[in-house]
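Peer 1: Dropping a structure here in structure tokens format, bear with me for questions.
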Amino acid sequence: MNNKKVRNINRQLLSNNWYKLEKLTFEYQRDDGSWETQSREAYDRGNGAAILLYNKKNRTVILTRQFRMPTYINGNDSGMMIEVCAGLLDGDHPEDCIKKETEEETGYKLEKVEKVFESYMSPGSVTEILYFFIGSYEEKMKIGEGGGAEEETENIEVLELDFEKALEMIRTGEIKDAKTIMLLQYAKINGLFSNN
């Protein structure tokens with residue numbers, strides 16, 4: 001933290017049940033040189049990783065479907081979300097984390113993944129950095145059914161979709177998850193399925 005325009009940061013823990021919610025009060029120097037007191041809440045759930053599994057030959061991607069309570073209470077009638085495989089780092093290196101999550105959630109064992117970018121997903125209120133990966137899959141790499149770790153009560157359904165169909169599902173609103181949209185758009189922009 002090297003921003004000279006921020007000083008006197010005071011942290012107040014509001015909740016530490018599932019993850020940590022803090023109220024941060026601090027002074028911020030305005031462009032005219034004066035200092036103003038600001039207050040924000042920040043939710044710290046740790047950093048995460050997400051991956052788009054793709055099969056160039058078959059022009060398919062692996063996505064997941066699971067119930068997400070926060071979407072359910074905010075207008076998603078079923079609460080079900082179609083997403084790329086993802087998970088929290090929990091102290092792991094992002095590459096190790098996403099390989100483990102891929103196996104748990106989809107049943108595919110990947111040896112090689114490629115980090116393509118990283119992003120703050122909601123920088124106004126959440127501290128999380130998400131590391132984005134792509135990984136090629138083939139049927140022979142499937143070693144299990146997936147579905148998520150039993151102790152995490154995820155109840156994940158594994159979907160294999162045509163890439164163009166997945167892109168269309170963004171337009172129709174069937175896919176509304178930001179990380180999934182970002183990785184599908186990355187694949188389109190970077191010609192992941194082109195014949196080059």
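Naming scheme: A, B, ... for chains in displayed order of the structure tokens; residues 1 onward per chain; ligands 1 onward as shown.
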Taking only C-alpha atoms into account, produce a table as JSON lines in which each residue of region 19-90 of chain A with an atom at most 8 Å from an atom of region 131-137 of chain A appears once, together with its shortest atom pair and the distance in Å to one decimal, ordered by chain and rising number.
Peer 2:
```
{"residue": "A:Gly48", "atom": "CA", "partner": "A:Tyr131", "partner_atom": "CA", "distance": 6.2}
{"residue": "A:Ala49", "atom": "CA", "partner": "A:Tyr131", "partner_atom": "CA", "distance": 4.5}
{"residue": "A:Ala50", "atom": "CA", "partner": "A:Phe132", "partner_atom": "CA", "distance": 5.0}
{"residue": "A:Ile51", "atom": "CA", "partner": "A:Phe133", "partner_atom": "CA", "distance": 4.5}
{"residue": "A:Leu52", "atom": "CA", "partner": "A:Ile134", "partner_atom": "CA", "distance": 4.8}
{"residue": "A:Leu53", "atom": "CA", "partner": "A:Gly135", "partner_atom": "CA", "distance": 4.9}
{"residue": "A:Tyr54", "atom": "CA", "partner": "A:Ser136", "partner_atom": "CA", "distance": 5.0}
{"residue": "A:Asn55", "atom": "CA", "partner": "A:Tyr137", "partner_atom": "CA", "distance": 5.5}
{"residue": "A:Lys56", "atom": "CA", "partner": "A:Ser136", "partner_atom": "CA", "distance": 7.6}
```
Peer 1: Could you please write out, as a VMD selection string, every residue of region 102-173 of chain A that DSSP assigns to helix (DSSP H, G or I)?
Peer 2: chain A and resid 102 to 106 139 to 141 150 to 152 163 to 172
Peer 1: Could you give me, as a PyMOL selection string, the residues within 8 Å of Lys23 (chain A), counting only C-alpha atoms and dropping anything in the same chain fewer than 5 positions from it?
Peer 2: chain A and resi 11-14+39-42
Peer 1: Using DSSP assignments from the backbone, pull out every residue in region 35-125 of chain A that falls under strand (DSSP E) and give it to me as a VMD selection string.
Peer 2: chain A and resid 35 to 44 48 to 55 60 to 67 80 to 83 85 to 88 114 to 120
Peer 1: Please produce a file of those selected residues containing N, CA and C atoms, as a compact mmCIF listing (two decimals), in the first residue's frame.
Peer 2:
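Result file again_32.txt:
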```
# COMPACT_ATOMS: atom_id res chain seq x y z
N TRP A 35 -7.78 17.17 2.75
CA TRP A 35 -8.03 15.78 3.15
C TRP A 35 -9.50 15.62 3.53
N GLU A 36 -10.12 14.53 3.10
CA GLU A 36 -11.49 14.24 3.49
C GLU A 36 -11.55 12.84 4.09
N THR A 37 -12.45 12.65 5.03
CA THR A 37 -12.65 11.34 5.64
C THR A 37 -13.67 10.57 4.81
N GLN A 38 -13.33 9.33 4.48
CA GLN A 38 -14.23 8.46 3.73
C GLN A 38 -14.42 7.17 4.51
N SER A 39 -15.53 6.51 4.23
CA SER A 39 -15.83 5.24 4.88
C SER A 39 -16.37 4.26 3.84
N ARG A 40 -15.87 3.05 3.85
CA ARG A 40 -16.29 2.01 2.91
C ARG A 40 -16.35 0.67 3.66
N GLU A 41 -17.14 -0.25 3.12
CA GLU A 41 -17.13 -1.62 3.61
C GLU A 41 -16.44 -2.50 2.58
N ALA A 42 -15.64 -3.44 3.04
CA ALA A 42 -14.92 -4.35 2.15
C ALA A 42 -15.14 -5.78 2.61
N TYR A 43 -15.49 -6.62 1.67
CA TYR A 43 -15.74 -8.04 1.94
C TYR A 43 -14.53 -8.82 1.44
N ASP A 44 -13.89 -9.56 2.34
CA ASP A 44 -12.69 -10.33 2.00
C ASP A 44 -13.02 -11.81 2.06
N GLY A 48 -9.39 -16.08 -5.94
CA GLY A 48 -9.88 -17.28 -6.59
C GLY A 48 -9.29 -17.49 -7.97
N ALA A 49 -9.72 -18.57 -8.59
CA ALA A 49 -9.29 -18.91 -9.95
C ALA A 49 -10.47 -19.49 -10.71
N ALA A 50 -10.48 -19.26 -12.02
CA ALA A 50 -11.54 -19.76 -12.89
C ALA A 50 -10.91 -20.26 -14.18
N ILE A 51 -11.57 -21.23 -14.82
CA ILE A 51 -11.00 -21.81 -16.04
C ILE A 51 -12.09 -22.12 -17.07
N LEU A 52 -11.76 -21.86 -18.33
CA LEU A 52 -12.59 -22.29 -19.43
C LEU A 52 -11.95 -23.55 -20.01
N LEU A 53 -12.65 -24.67 -19.87
CA LEU A 53 -12.20 -25.91 -20.49
C LEU A 53 -12.74 -25.94 -21.92
N TYR A 54 -11.87 -26.20 -22.87
CA TYR A 54 -12.29 -26.17 -24.27
C TYR A 54 -11.72 -27.35 -25.05
N ASN A 55 -12.49 -27.80 -26.03
CA ASN A 55 -12.05 -28.85 -26.94
C ASN A 55 -12.14 -28.27 -28.35
N THR A 60 -16.26 -27.45 -28.39
CA THR A 60 -17.10 -27.50 -27.19
C THR A 60 -16.37 -26.90 -25.99
N VAL A 61 -17.16 -26.54 -24.99
CA VAL A 61 -16.64 -26.06 -23.71
C VAL A 61 -17.34 -26.82 -22.60
N ILE A 62 -16.67 -26.92 -21.47
CA ILE A 62 -17.26 -27.51 -20.27
C ILE A 62 -17.63 -26.37 -19.32
N LEU A 63 -18.91 -26.32 -18.95
CA LEU A 63 -19.40 -25.37 -17.96
C LEU A 63 -20.10 -26.14 -16.86
N THR A 64 -20.48 -25.45 -15.82
CA THR A 64 -21.18 -26.08 -14.70
C THR A 64 -22.48 -25.34 -14.43
N ARG A 65 -23.41 -26.04 -13.77
CA ARG A 65 -24.65 -25.39 -13.33
C ARG A 65 -24.83 -25.74 -11.86
N GLN A 66 -25.08 -24.68 -11.06
CA GLN A 66 -25.33 -24.91 -9.63
C GLN A 66 -26.18 -23.79 -9.06
N PHE A 67 -26.77 -24.06 -7.90
CA PHE A 67 -27.62 -23.10 -7.21
C PHE A 67 -26.75 -22.05 -6.52
N MET A 80 -30.37 -20.91 -10.22
CA MET A 80 -29.36 -21.71 -10.91
C MET A 80 -28.51 -20.82 -11.81
N MET A 81 -27.20 -21.07 -11.80
CA MET A 81 -26.26 -20.29 -12.61
C MET A 81 -25.39 -21.24 -13.43
N ILE A 82 -25.17 -20.86 -14.69
CA ILE A 82 -24.24 -21.58 -15.56
C ILE A 82 -22.93 -20.82 -15.52
N GLU A 83 -21.86 -21.55 -15.16
CA GLU A 83 -20.57 -20.90 -14.90
C GLU A 83 -19.42 -21.76 -15.40
N CYS A 85 -15.81 -23.45 -14.41
CA CYS A 85 -15.28 -24.04 -13.19
C CYS A 85 -14.46 -22.99 -12.45
N ALA A 86 -14.63 -22.89 -11.14
CA ALA A 86 -13.90 -21.88 -10.36
C ALA A 86 -13.87 -22.27 -8.90
N GLY A 87 -12.96 -21.64 -8.16
CA GLY A 87 -12.89 -21.88 -6.73
C GLY A 87 -11.94 -20.93 -6.05
N LEU A 88 -12.02 -20.89 -4.74
CA LEU A 88 -11.12 -20.05 -3.94
C LEU A 88 -9.76 -20.71 -3.81
N GLU A 114 -3.30 -22.63 -18.85
CA GLU A 114 -2.63 -21.38 -19.22
C GLU A 114 -3.35 -20.20 -18.58
N LYS A 115 -2.60 -19.42 -17.79
CA LYS A 115 -3.18 -18.20 -17.20
C LYS A 115 -3.27 -17.15 -18.32
N VAL A 116 -4.46 -16.54 -18.46
CA VAL A 116 -4.64 -15.57 -19.54
C VAL A 116 -4.81 -14.14 -19.03
N PHE A 117 -5.31 -13.95 -17.83
CA PHE A 117 -5.39 -12.62 -17.23
C PHE A 117 -5.86 -12.75 -15.78
N GLU A 118 -5.89 -11.62 -15.08
CA GLU A 118 -6.44 -11.58 -13.73
C GLU A 118 -7.25 -10.30 -13.59
N SER A 119 -8.20 -10.30 -12.65
CA SER A 119 -9.11 -9.16 -12.54
C SER A 119 -9.68 -9.05 -11.13
N TYR A 120 -9.85 -7.79 -10.68
CA TYR A 120 -10.69 -7.54 -9.51
C TYR A 120 -12.11 -7.63 -10.02
```
Peer 1: Quick one: residues within 12 Å of Ile170 (chain A), only C-alpha atoms counted, chain neighbours fewer than 6 positions away excluded, as a list in words?
Peer 2: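 Selected residues are Met81, Ile82, Glu83, Phe163, Glu164, Lys176, Asp177, Ala178, Lys179, Thr180, Ile181, Met182, Leu183, Leu184 and Gln185 of chain A.
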Peer 1: What is the CA of Glu104 (chain A)-CA of Lys142 (chain A) distance in Å, reported with one decimal?
Peer 2: 11.1 Å
